[in-house]
$ cat entry_34.cif   # mmCIF, C-alpha atoms and all ligand atoms
data_model
loop_
_atom_site.label_atom_id
_atom_site.label_comp_id
_atom_site.auth_asym_id
_atom_site.auth_seq_id
_atom_site.Cartn_x
_atom_site.Cartn_y
_atom_site.Cartn_z
CA MET A 28 0.81 32.45 63.15
CA ASP A 29 2.66 35.64 63.92
CA ARG A 30 6.00 36.00 62.16
CA CYS A 31 6.84 39.03 64.20
CA ALA A 32 6.77 36.90 67.36
CA GLU A 33 9.72 34.83 66.19
CA PRO A 34 12.60 37.14 66.91
CA GLY A 35 15.16 34.31 66.95
CA LEU A 36 14.74 33.56 63.28
CA PRO A 37 16.48 35.71 60.63
CA ALA A 38 14.04 37.86 58.64
CA ASN A 39 14.52 36.01 55.36
CA ASP A 40 13.98 32.65 57.05
CA ARG A 41 10.75 33.88 58.59
CA PHE A 42 9.65 35.05 55.18
CA ALA A 43 10.61 31.76 53.54
CA ARG A 44 8.83 29.78 56.21
CA ALA A 45 5.67 31.83 55.79
CA LEU A 46 5.75 31.21 52.07
CA ARG A 47 6.17 27.48 52.59
CA ASP A 48 3.26 27.46 55.05
CA VAL A 49 1.04 29.26 52.55
CA TYR A 50 2.10 26.86 49.80
CA GLU A 51 1.27 23.85 51.95
CA GLN A 52 -2.05 25.31 53.01
CA CYS A 53 -3.14 25.96 49.41
CA LEU A 54 -1.68 22.90 47.68
CA PRO A 55 -4.62 20.60 48.55
CA SER A 56 -7.06 22.93 46.70
CA VAL A 57 -7.78 21.07 43.50
CA GLU A 58 -11.08 22.68 42.61
CA GLY A 59 -11.51 24.46 39.32
CA ALA A 60 -10.30 23.56 35.85
CA VAL A 61 -7.62 24.67 33.41
CA ALA A 62 -8.71 27.12 30.69
CA ASP A 63 -9.83 25.21 27.63
CA TYR A 64 -10.58 27.83 24.99
CA ILE A 65 -7.35 27.01 23.14
CA PRO A 66 -5.74 23.55 22.87
CA GLU A 67 -2.42 24.71 24.41
CA LEU A 68 -4.11 25.79 27.61
CA ALA A 69 -6.45 22.78 27.72
CA ALA A 70 -3.40 20.51 27.58
CA ALA A 71 -1.64 22.31 30.46
CA ASP A 72 -0.55 20.24 33.44
CA PRO A 73 -3.01 21.34 36.18
CA GLU A 74 -0.70 20.40 39.07
CA PRO A 75 2.16 22.94 39.26
CA PHE A 76 1.99 25.52 42.01
CA GLY A 77 4.50 28.24 42.75
CA VAL A 78 4.57 31.29 45.01
CA ALA A 79 7.17 34.08 44.83
CA MET A 80 7.61 37.34 46.72
CA ALA A 81 10.10 40.00 45.67
CA THR A 82 10.82 43.08 47.75
CA SER A 83 11.26 46.57 46.42
CA THR A 84 14.87 46.29 47.55
CA GLY A 85 15.54 43.35 45.26
CA GLN A 86 15.30 40.28 47.49
CA ILE A 87 13.22 37.35 46.32
CA THR A 88 11.77 34.42 48.26
CA THR A 89 10.15 31.55 46.37
CA TYR A 90 8.47 28.23 47.00
CA GLY A 91 7.25 25.51 44.64
CA ASP A 92 7.17 25.56 40.85
CA VAL A 93 8.38 29.10 40.41
CA ASP A 94 10.51 28.39 37.31
CA ARG A 95 7.70 26.75 35.38
CA GLU A 96 6.69 28.89 32.39
CA PHE A 97 3.12 29.69 31.38
CA THR A 98 1.49 32.32 29.18
CA ILE A 99 0.97 35.68 30.83
CA GLN A 100 -2.52 36.13 29.26
CA SER A 101 -4.53 38.95 30.82
CA ILE A 102 -1.74 39.98 33.19
CA SER A 103 -0.28 41.67 30.11
CA LYS A 104 -3.24 44.09 30.20
CA ALA A 105 -1.93 45.88 33.29
CA PHE A 106 1.55 46.43 31.87
CA ASN A 107 0.21 47.44 28.45
CA TYR A 108 -2.02 50.04 30.09
CA CYS A 109 0.95 51.41 32.02
CA LEU A 110 2.90 51.82 28.77
CA ALA A 111 -0.03 53.44 26.93
CA LEU A 112 -0.34 55.97 29.77
CA GLU A 113 3.35 56.75 29.52
CA LEU A 114 3.26 57.16 25.73
CA LEU A 115 0.01 59.07 25.34
CA GLY A 116 -0.85 60.54 28.73
CA ARG A 117 -3.85 59.82 30.91
CA GLU A 118 -6.25 62.21 29.21
CA GLU A 119 -5.73 60.77 25.75
CA VAL A 120 -5.92 57.18 27.01
CA GLN A 121 -9.08 57.98 28.97
CA SER A 122 -10.75 59.31 25.86
CA PHE A 123 -10.55 55.75 24.48
CA VAL A 124 -10.93 53.54 27.56
CA GLY A 125 -12.54 54.24 30.93
CA ALA A 126 -11.47 53.30 34.45
CA GLU A 127 -14.72 51.96 35.90
CA PRO A 128 -15.19 48.37 37.07
CA SER A 129 -17.59 46.65 34.70
CA GLY A 130 -18.81 43.84 36.92
CA ASP A 131 -18.94 41.76 33.75
CA ALA A 132 -16.86 38.80 32.62
CA PHE A 133 -13.49 39.64 31.04
CA ASN A 134 -14.65 38.78 27.53
CA ALA A 135 -18.06 40.48 27.78
CA ILE A 136 -19.20 42.35 24.71
CA VAL A 137 -20.37 45.44 26.51
CA PHE A 138 -19.33 49.09 26.47
CA ASP A 139 -20.12 51.98 28.80
CA PRO A 140 -23.52 53.14 27.48
CA GLN A 141 -22.71 56.79 28.17
CA THR A 142 -19.29 57.02 26.54
CA GLU A 143 -19.49 54.08 24.12
CA ARG A 144 -16.00 53.18 25.34
CA PRO A 145 -14.82 50.00 27.05
CA PHE A 146 -15.31 50.19 30.80
CA ASN A 147 -11.68 49.64 31.74
CA PRO A 148 -8.36 48.36 30.35
CA MET A 149 -8.45 45.08 32.32
CA VAL A 150 -11.30 43.53 30.33
CA ASN A 151 -10.69 42.32 26.78
CA ALA A 152 -12.49 45.22 25.08
CA GLY A 153 -10.39 47.77 26.97
CA ALA A 154 -7.20 45.80 26.53
CA ILE A 155 -7.69 45.54 22.77
CA THR A 156 -8.29 49.31 22.72
CA VAL A 157 -5.02 49.80 24.61
CA CYS A 158 -3.20 47.62 22.08
CA GLY A 159 -4.64 49.89 19.36
CA LEU A 160 -3.18 52.90 21.18
CA LEU A 161 0.21 51.18 21.49
CA ARG A 162 0.15 50.41 17.76
CA ARG A 163 -0.80 53.98 17.01
CA ALA A 164 2.09 55.33 19.12
CA LEU A 165 4.73 52.79 18.14
CA GLY A 166 3.67 51.29 14.79
CA GLU A 167 5.56 48.16 13.81
CA GLN A 168 7.88 48.59 16.80
CA ALA A 169 5.08 48.05 19.31
CA LEU A 170 5.74 44.38 20.04
CA ASP A 171 9.51 44.82 20.51
CA PHE A 172 9.00 47.91 22.65
CA VAL A 173 6.50 46.24 24.98
CA LEU A 174 8.44 42.98 25.19
CA ASP A 175 11.58 44.92 26.08
CA ARG A 176 9.75 46.64 28.96
CA TYR A 177 8.27 43.36 30.25
CA SER A 178 11.75 41.83 30.10
CA ARG A 179 13.42 44.69 31.91
CA ALA A 180 10.76 44.52 34.63
CA ALA A 181 11.27 40.75 34.98
CA GLY A 182 15.06 41.07 34.78
CA ARG A 183 15.44 38.51 31.99
CA PRO A 184 14.56 38.35 28.28
CA LEU A 185 10.99 37.14 27.81
CA ARG A 186 9.64 35.59 24.63
CA ILE A 187 6.37 34.59 23.01
CA CYS A 188 5.00 31.04 23.04
CA GLU A 189 4.41 30.61 19.30
CA PRO A 190 1.91 27.71 19.51
CA ALA A 191 -0.20 29.61 22.07
CA TYR A 192 -0.11 32.71 19.89
CA ARG A 193 -1.12 30.76 16.78
CA SER A 194 -3.99 29.14 18.69
CA GLU A 195 -5.17 32.53 19.97
CA VAL A 196 -5.21 33.81 16.38
CA ALA A 197 -6.97 30.72 15.05
CA THR A 198 -9.71 30.69 17.66
CA GLY A 199 -10.03 34.36 18.65
CA HIS A 200 -13.39 35.01 17.00
CA ARG A 201 -14.90 36.67 20.04
CA ASN A 202 -11.92 39.02 20.44
CA ARG A 203 -12.06 39.73 16.73
CA ALA A 204 -15.76 40.60 17.08
CA ILE A 205 -14.91 42.92 19.97
CA GLY A 206 -12.20 44.52 17.81
CA HIS A 207 -14.64 45.26 15.00
CA LEU A 208 -17.17 46.71 17.44
CA LEU A 209 -14.43 48.97 18.81
CA VAL A 210 -13.83 50.29 15.30
CA ASN A 211 -17.57 50.74 14.92
CA VAL A 212 -17.83 52.95 18.03
CA GLY A 213 -14.61 54.83 17.28
CA ALA A 214 -12.57 53.37 20.17
CA ALA A 215 -10.14 51.69 17.77
CA LEU A 216 -8.83 52.56 14.36
CA GLU A 217 -8.70 50.49 11.22
CA PRO A 218 -6.99 48.28 10.33
CA ILE A 219 -7.97 46.26 13.43
CA ASP A 220 -6.06 43.08 12.54
CA PRO A 221 -2.58 44.33 13.52
CA THR A 222 -4.06 45.55 16.83
CA LEU A 223 -5.63 42.15 17.51
CA ASP A 224 -2.38 40.51 16.53
CA LEU A 225 -0.49 42.59 19.09
CA TYR A 226 -3.10 41.69 21.73
CA PHE A 227 -2.75 37.95 20.96
CA GLN A 228 1.06 38.15 20.93
CA LEU A 229 1.20 39.93 24.28
CA CYS A 230 -1.21 37.40 25.84
CA SER A 231 1.20 34.67 24.68
CA VAL A 232 4.36 35.91 26.42
CA LEU A 233 5.93 33.21 28.60
CA VAL A 234 6.62 34.06 32.24
CA ASN A 235 7.06 32.17 35.49
CA ALA A 236 5.91 33.02 39.03
CA ALA A 237 9.30 34.53 39.91
CA ASP A 238 9.09 36.80 36.84
CA LEU A 239 5.67 37.98 37.98
CA ALA A 240 7.00 38.73 41.47
CA ARG A 241 9.85 40.76 39.97
CA MET A 242 7.54 42.58 37.55
CA GLY A 243 5.26 43.33 40.50
CA ALA A 244 8.22 44.53 42.56
CA THR A 245 9.14 46.90 39.71
CA LEU A 246 5.65 48.40 39.97
CA ALA A 247 5.92 48.42 43.79
CA ASN A 248 9.21 50.27 43.41
CA ILE A 249 7.40 52.99 41.41
CA GLY A 250 8.63 51.73 38.07
CA GLU A 251 12.29 51.05 38.81
CA ASN A 252 13.53 47.46 38.76
CA PRO A 253 14.88 46.95 42.30
CA CYS A 254 17.70 44.77 40.95
CA GLY A 255 19.99 47.17 39.17
CA GLY A 256 17.81 50.27 39.22
CA ASP A 257 16.68 50.14 35.59
CA SER A 258 13.88 52.68 35.16
CA VAL A 259 11.23 50.61 33.37
CA PHE A 260 7.88 52.33 33.88
CA GLU A 261 6.93 55.98 34.25
CA ILE A 262 6.04 56.93 37.82
CA THR A 263 2.59 58.51 37.31
CA ALA A 264 1.62 55.74 34.89
CA VAL A 265 2.44 53.23 37.64
CA ARG A 266 0.17 55.06 40.07
CA ASP A 267 -2.70 55.02 37.59
CA THR A 268 -2.12 51.38 36.66
CA LEU A 269 -2.10 50.24 40.29
CA SER A 270 -5.33 52.16 40.90
CA VAL A 271 -7.09 50.38 38.05
CA MET A 272 -5.61 47.01 39.07
CA PHE A 273 -7.05 47.59 42.54
CA THR A 274 -10.59 48.16 41.27
CA CYS A 275 -10.69 46.00 38.12
CA GLY A 276 -7.77 43.54 38.12
CA MET A 277 -9.51 40.33 39.14
CA TYR A 278 -12.36 40.34 36.62
CA ASP A 279 -15.80 40.26 38.20
CA TYR A 280 -14.28 39.14 41.52
CA SER A 281 -12.51 42.49 41.88
CA GLY A 282 -14.83 43.89 44.57
CA ASN A 283 -14.55 40.86 46.81
CA TRP A 284 -10.82 40.67 46.13
CA ALA A 285 -10.54 44.23 47.46
CA LEU A 286 -12.34 43.07 50.62
CA ASP A 287 -10.44 39.82 51.05
CA VAL A 288 -6.94 40.69 49.88
CA GLY A 289 -6.87 44.44 49.44
CA ILE A 290 -3.92 44.93 47.12
CA PRO A 291 -3.71 45.82 43.41
CA ALA A 292 -3.49 42.63 41.37
CA LYS A 293 -4.06 41.13 37.94
CA SER A 294 -4.78 37.57 36.95
CA GLY A 295 -4.61 35.66 33.67
CA VAL A 296 -6.25 32.49 32.41
CA GLY A 297 -2.81 30.88 32.06
CA GLY A 298 -2.98 30.49 35.87
CA GLY A 299 -0.81 33.43 36.94
CA VAL A 300 -1.61 36.22 39.38
CA VAL A 301 0.57 39.27 40.06
CA GLY A 302 0.00 41.42 43.13
CA VAL A 303 1.66 44.64 44.28
CA VAL A 304 2.09 46.03 47.78
CA ASN A 305 2.97 49.62 47.12
CA ARG A 306 6.63 50.46 47.89
CA GLN A 307 7.16 47.02 49.42
CA LEU A 308 6.44 43.85 47.47
CA GLY A 309 5.67 42.17 44.20
CA ILE A 310 3.96 38.79 44.55
CA GLY A 311 3.61 36.20 41.79
CA THR A 312 1.66 32.94 41.93
CA PHE A 313 1.10 30.20 39.39
CA SER A 314 -1.45 27.39 39.44
CA PRO A 315 -3.49 26.65 36.31
CA ARG A 316 -6.82 25.51 37.75
CA LEU A 317 -9.26 28.41 37.46
CA ASP A 318 -12.51 29.24 39.20
CA ALA A 319 -15.68 30.18 37.30
CA LYS A 320 -14.49 33.80 36.95
CA GLY A 321 -11.16 32.83 35.41
CA ASN A 322 -8.94 33.38 38.46
CA SER A 323 -6.46 30.76 39.65
CA VAL A 324 -8.05 28.94 42.61
CA ARG A 325 -4.80 28.33 44.49
CA GLY A 326 -3.52 31.75 43.46
CA VAL A 327 -6.49 33.52 45.03
CA ARG A 328 -6.16 31.39 48.15
CA ALA A 329 -2.42 32.03 48.42
CA PHE A 330 -2.99 35.78 48.20
CA GLN A 331 -5.71 35.59 50.86
CA CYS A 332 -3.28 33.74 53.16
CA LEU A 333 -0.35 36.06 52.46
CA SER A 334 -2.48 39.14 52.93
CA SER A 335 -3.71 38.06 56.34
CA GLU A 336 -0.33 36.58 57.33
CA PHE A 337 1.56 39.78 56.63
CA GLY A 338 -1.25 42.32 57.03
CA LEU A 339 -0.85 43.38 53.40
CA HIS A 340 -4.38 44.74 52.94
CA ALA A 341 -4.18 48.44 52.04
CA PHE A 342 -6.63 49.22 54.83
CA ASP A 343 -5.41 46.71 57.38
CA PHE A 344 -6.33 48.24 60.71
CA THR A 345 -2.93 47.77 62.28
CA ASN A 346 -0.89 47.26 59.14
CA TYR A 347 1.18 45.12 61.45
CA GLY A 348 2.40 42.63 58.92
CA SER A 349 3.34 44.98 56.16
CA GLN A 350 5.04 47.08 58.78
CA PHE A 351 7.04 43.93 59.48
CA VAL A 352 7.94 43.71 55.81
CA ASN A 353 8.91 47.34 55.83
CA ASP A 354 10.93 47.30 59.04
CA VAL A 355 12.64 44.00 58.71
CA LEU A 356 13.13 43.17 55.08
CA LEU A 357 13.53 46.52 53.46
CA LYS A 358 16.25 47.44 55.91
CA ALA A 359 18.10 44.15 55.51
CA PRO A 360 21.38 44.38 53.57
CA ARG A 361 20.98 43.60 49.87
N1 LIG B 401 -6.13 35.45 25.62
C1 LIG B 401 -7.25 35.51 26.49
C2 LIG B 401 -8.45 36.12 25.80
O1 LIG B 401 -8.35 37.16 25.23
C3 LIG B 401 -6.89 36.25 27.73
C4 LIG B 401 -8.01 36.25 28.69
C5 LIG B 401 -7.62 36.21 30.13
O2 LIG B 401 -6.51 35.91 30.57
N2 LIG B 401 -8.61 36.46 30.92
O3 LIG B 401 -9.53 35.58 25.84
#

$ encode --input "entry_34.cif" --output "C-alpha cells" --more "lines below"
Ligand code: GLN
Amino acid sequence: MDRCAEPGLPANDRFARALRDVYEQCLPSVEGAVADYIPELAAADPEPFGVAMATSTGQITTYGDVDREFTIQSISKAFNYCLALELLGREEVQSFVGAEPSGDAFNAIVFDPQTERPFNPMVNAGAITVCGLLRRALGEQALDFVLDRYSRAAGRPLRICEPAYRSEVATGHRNRAIGHLLVNVGAALEPIDPTLDLYFQLCSVLVNAADLARMGATLANIGENPCGGDSVFEITAVRDTLSVMFTCGMYDYSGNWALDVGIPAKSGVGGGVVGVVNRQLGIGTFSPRLDAKGNSVRGVRAFQCLSSEFGLHAFDFTNYGSQFVNDVLLKAPR
C-alpha cells in the first residue's frame, strides 16, 4: 500500500492507519516464547502488542498496548553506551570495549582475541564493561544519573521494577562470571559487584512502547527531546551510539536486520525493540514472545513492515517513504 497515494487523508491519519495495518498484520504471529531465565519474565503475559512512532518534531502515533510496562533489559545497553561516550570520550571508551559485531549470542563468554576486550557494548560483556565505566565516572551517583537521562529522553520519570532486579541479582551467575573475567583481562575494575548491580538495575527499568518511541526520537533528534527541547544526550555520542546500534543492536541477527530493516535498533529480552530513523523517527514496539536469538518476533516483523511501508531503510533506493515522513510530518504544525 502506498501512503503517499492517498492525498485526501490528513498526514497523521495516514500515519495512524499505516500503524494499525502493521499491527493487524503482525498480531497473528504467535511463534516464539517469553524469556524464562528469571521468574518475572517467565510469568509475563505473552499476548500484549504495541507499536509507537514518534517524530523528531514531537508528534507520536501509537497502536495497541503501548502503555503496558515491561523491563527495558538490553535496550539499556545502547543508552548506557551513549552516556559513557559523553562522560569519558570515544577513545577512552574504546580502550575498554570495541565496536565490532561479534556474531555471537548476547550472553556469550567471548572476548576479542586480539584486544582481550569485549567485542561491542551491545552484548552483555561489553555492556557490563560500560557499566563499570559509568561507575568509575559517576560513583554512587551512577544509577540516579542514568535514570534521569532515560527519563528525560522518555519525557516521564522512569523507575526500576524491584522484583525483576532482585531476580536478576539472584540468578545472574553467568553475568557475574563475565564480570569476573572482565576484571581478569583488565576491562573492568574491582570491585565488580557494584558494576554488576548497576547493570542489573538498568536492565530492570520499566518502560512502555511509547517511551521507547520517544527515547528513540530523542536519539533521532540528535540528543534533544523533541517535546520541550531538553538536551539529553551529547551529539557526537549519539552518532557513535547509532552506528553501533546499526551493526550490533539485534544480537546475532544484526547483519540480516541491516538487510531487512536497515535502521539502527536495539532489542531486549523483555520484548521491547527501539529503532531510530536519523533526524526523523523513533519507533518502539513491545511483544514478549522472542525468537531463538532473543528478539521479539512481532517486533521484528513490525519493523520489517514499517521499513518497507515507509521506505525507512538507510539505503532505500528511492527513499520514497522516509521522504514522505520528512515532507509531510516534519512540516506539519506541532
Ligand atoms: N538482563 C539480561 C541479561 O543480562 C538482559 C539480556 C537481554 O535483554 N538480551 O541476561

$ closest_residue --input "entry_34.cif" --among "A:Asn202, A:Asn107, A:Asn151, A:Asn283" --to "Asp175 (chain A)" --atoms "all atoms listed in the file"
A:Asn107

$ atom_distance --input "entry_34.cif" --atom1 "CA of Ser194 (chain A)" --atom2 "CA of Lys293 (chain A)"
22.7 Å

$ residues_near_point --input "entry_34.cif" --point "(10.7, 57.6, 43.3)" --cutoff "10 Å" --atoms "all atoms listed in the file" --output "JSON, numbers by chain"
{"A": [248, 249, 250, 251, 261, 262, 306]}

$ residues_around --input "entry_34.cif" --residues "Ser334 (chain A)" --least-positions-apart "2" --cutoff "10 Å" --atoms "all atoms listed in the file" --output "list in words"
Asp287, Val288, Gly289, Ile290, Val304, Arg328, Ala329, Phe330, Gln331, Cys332, Glu336, Phe337, Gly338, Leu339, His340, Ala341, Asp343, Gly348 and Ser349 of chain A

$ residues_near_ligand --input "entry_34.cif" --ligand "ligand LIG 401 (chain B)" --cutoff "8 Å" --atoms "all atoms listed in the file" --output "PDB file with C-alpha atoms, keeping the file's coordinate frame"
ATOM      1  CA  TYR A  64     -10.580  27.830  24.990  1.00  0.00           C
ATOM      2  CA  ILE A  99       0.970  35.680  30.830  1.00  0.00           C
ATOM      3  CA  GLN A 100      -2.520  36.130  29.260  1.00  0.00           C
ATOM      4  CA  SER A 101      -4.530  38.950  30.820  1.00  0.00           C
ATOM      5  CA  ILE A 102      -1.740  39.980  33.190  1.00  0.00           C
ATOM      6  CA  PHE A 133     -13.490  39.640  31.040  1.00  0.00           C
ATOM      7  CA  ASN A 134     -14.650  38.780  27.530  1.00  0.00           C
ATOM      8  CA  VAL A 150     -11.300  43.530  30.330  1.00  0.00           C
ATOM      9  CA  ASN A 151     -10.690  42.320  26.780  1.00  0.00           C
ATOM     10  CA  GLU A 195      -5.170  32.530  19.970  1.00  0.00           C
ATOM     11  CA  GLY A 199     -10.030  34.360  18.650  1.00  0.00           C
ATOM     12  CA  ARG A 201     -14.900  36.670  20.040  1.00  0.00           C
ATOM     13  CA  ASN A 202     -11.920  39.020  20.440  1.00  0.00           C
ATOM     14  CA  TYR A 226      -3.100  41.690  21.730  1.00  0.00           C
ATOM     15  CA  PHE A 227      -2.750  37.950  20.960  1.00  0.00           C
ATOM     16  CA  CYS A 230      -1.210  37.400  25.840  1.00  0.00           C
ATOM     17  CA  SER A 231       1.200  34.670  24.680  1.00  0.00           C
ATOM     18  CA  TYR A 278     -12.360  40.340  36.620  1.00  0.00           C
ATOM     19  CA  SER A 294      -4.780  37.570  36.950  1.00  0.00           C
ATOM     20  CA  GLY A 295      -4.610  35.660  33.670  1.00  0.00           C
ATOM     21  CA  VAL A 296      -6.250  32.490  32.410  1.00  0.00           C
ATOM     22  CA  GLY A 297      -2.810  30.880  32.060  1.00  0.00           C
ATOM     23  CA  GLY A 321     -11.160  32.830  35.410  1.00  0.00           C
TER      24      GLY A 321
END

$ build_atoms --input "entry_34.cif" --residues "region 38-54 of chain A" --atoms "N, CA and C atoms" --output "mmCIF file, keeping the file's coordinate frame"
data_model
loop_
_atom_site.group_PDB
_atom_site.id
_atom_site.type_symbol
_atom_site.label_atom_id
_atom_site.label_comp_id
_atom_site.auth_asym_id
_atom_site.auth_seq_id
_atom_site.Cartn_x
_atom_site.Cartn_y
_atom_site.Cartn_z
ATOM 1 N N ALA A 38 15.205 37.349 59.373
ATOM 2 C CA ALA A 38 14.040 37.860 58.640
ATOM 3 C C ALA A 38 13.745 37.034 57.395
ATOM 4 N N ASN A 39 14.765 36.734 56.606
ATOM 5 C CA ASN A 39 14.520 36.010 55.360
ATOM 6 C C ASN A 39 13.989 34.615 55.626
ATOM 7 N N ASP A 40 14.461 33.991 56.714
ATOM 8 C CA ASP A 40 13.980 32.650 57.050
ATOM 9 C C ASP A 40 12.514 32.704 57.456
ATOM 10 N N ARG A 41 12.153 33.751 58.172
ATOM 11 C CA ARG A 41 10.750 33.880 58.590
ATOM 12 C C ARG A 41 9.868 34.058 57.355
ATOM 13 N N PHE A 42 10.370 34.824 56.428
ATOM 14 C CA PHE A 42 9.650 35.050 55.180
ATOM 15 C C PHE A 42 9.503 33.748 54.402
ATOM 16 N N ALA A 43 10.613 33.020 54.293
ATOM 17 C CA ALA A 43 10.610 31.760 53.540
ATOM 18 C C ALA A 43 9.675 30.760 54.197
ATOM 19 N N ARG A 44 9.692 30.735 55.504
ATOM 20 C CA ARG A 44 8.830 29.780 56.210
ATOM 21 C C ARG A 44 7.359 30.120 55.997
ATOM 22 N N ALA A 45 7.058 31.407 56.021
ATOM 23 C CA ALA A 45 5.670 31.830 55.790
ATOM 24 C C ALA A 45 5.213 31.416 54.404
ATOM 25 N N LEU A 46 6.107 31.560 53.441
ATOM 26 C CA LEU A 46 5.750 31.210 52.070
ATOM 27 C C LEU A 46 5.503 29.702 51.949
ATOM 28 N N ARG A 47 6.355 28.934 52.603
ATOM 29 C CA ARG A 47 6.170 27.480 52.590
ATOM 30 C C ARG A 47 4.847 27.099 53.253
ATOM 31 N N ASP A 48 4.523 27.749 54.362
ATOM 32 C CA ASP A 48 3.260 27.460 55.050
ATOM 33 C C ASP A 48 2.066 27.749 54.131
ATOM 34 N N VAL A 49 2.129 28.877 53.453
ATOM 35 C CA VAL A 49 1.040 29.260 52.550
ATOM 36 C C VAL A 49 0.933 28.238 51.426
ATOM 37 N N TYR A 50 2.075 27.858 50.880
ATOM 38 C CA TYR A 50 2.100 26.860 49.800
ATOM 39 C C TYR A 50 1.418 25.578 50.285
ATOM 40 N N GLU A 51 1.808 25.123 51.453
ATOM 41 C CA GLU A 51 1.270 23.850 51.950
ATOM 42 C C GLU A 51 -0.226 23.946 52.266
ATOM 43 N N GLN A 52 -0.626 25.094 52.714
ATOM 44 C CA GLN A 52 -2.050 25.310 53.010
ATOM 45 C C GLN A 52 -2.892 25.277 51.731
ATOM 46 N N CYS A 53 -2.342 25.806 50.650
ATOM 47 C CA CYS A 53 -3.140 25.960 49.410
ATOM 48 C C CYS A 53 -2.994 24.776 48.466
ATOM 49 N N LEU A 54 -1.930 24.013 48.607
ATOM 50 C CA LEU A 54 -1.680 22.900 47.680
ATOM 51 C C LEU A 54 -2.850 21.924 47.562
#
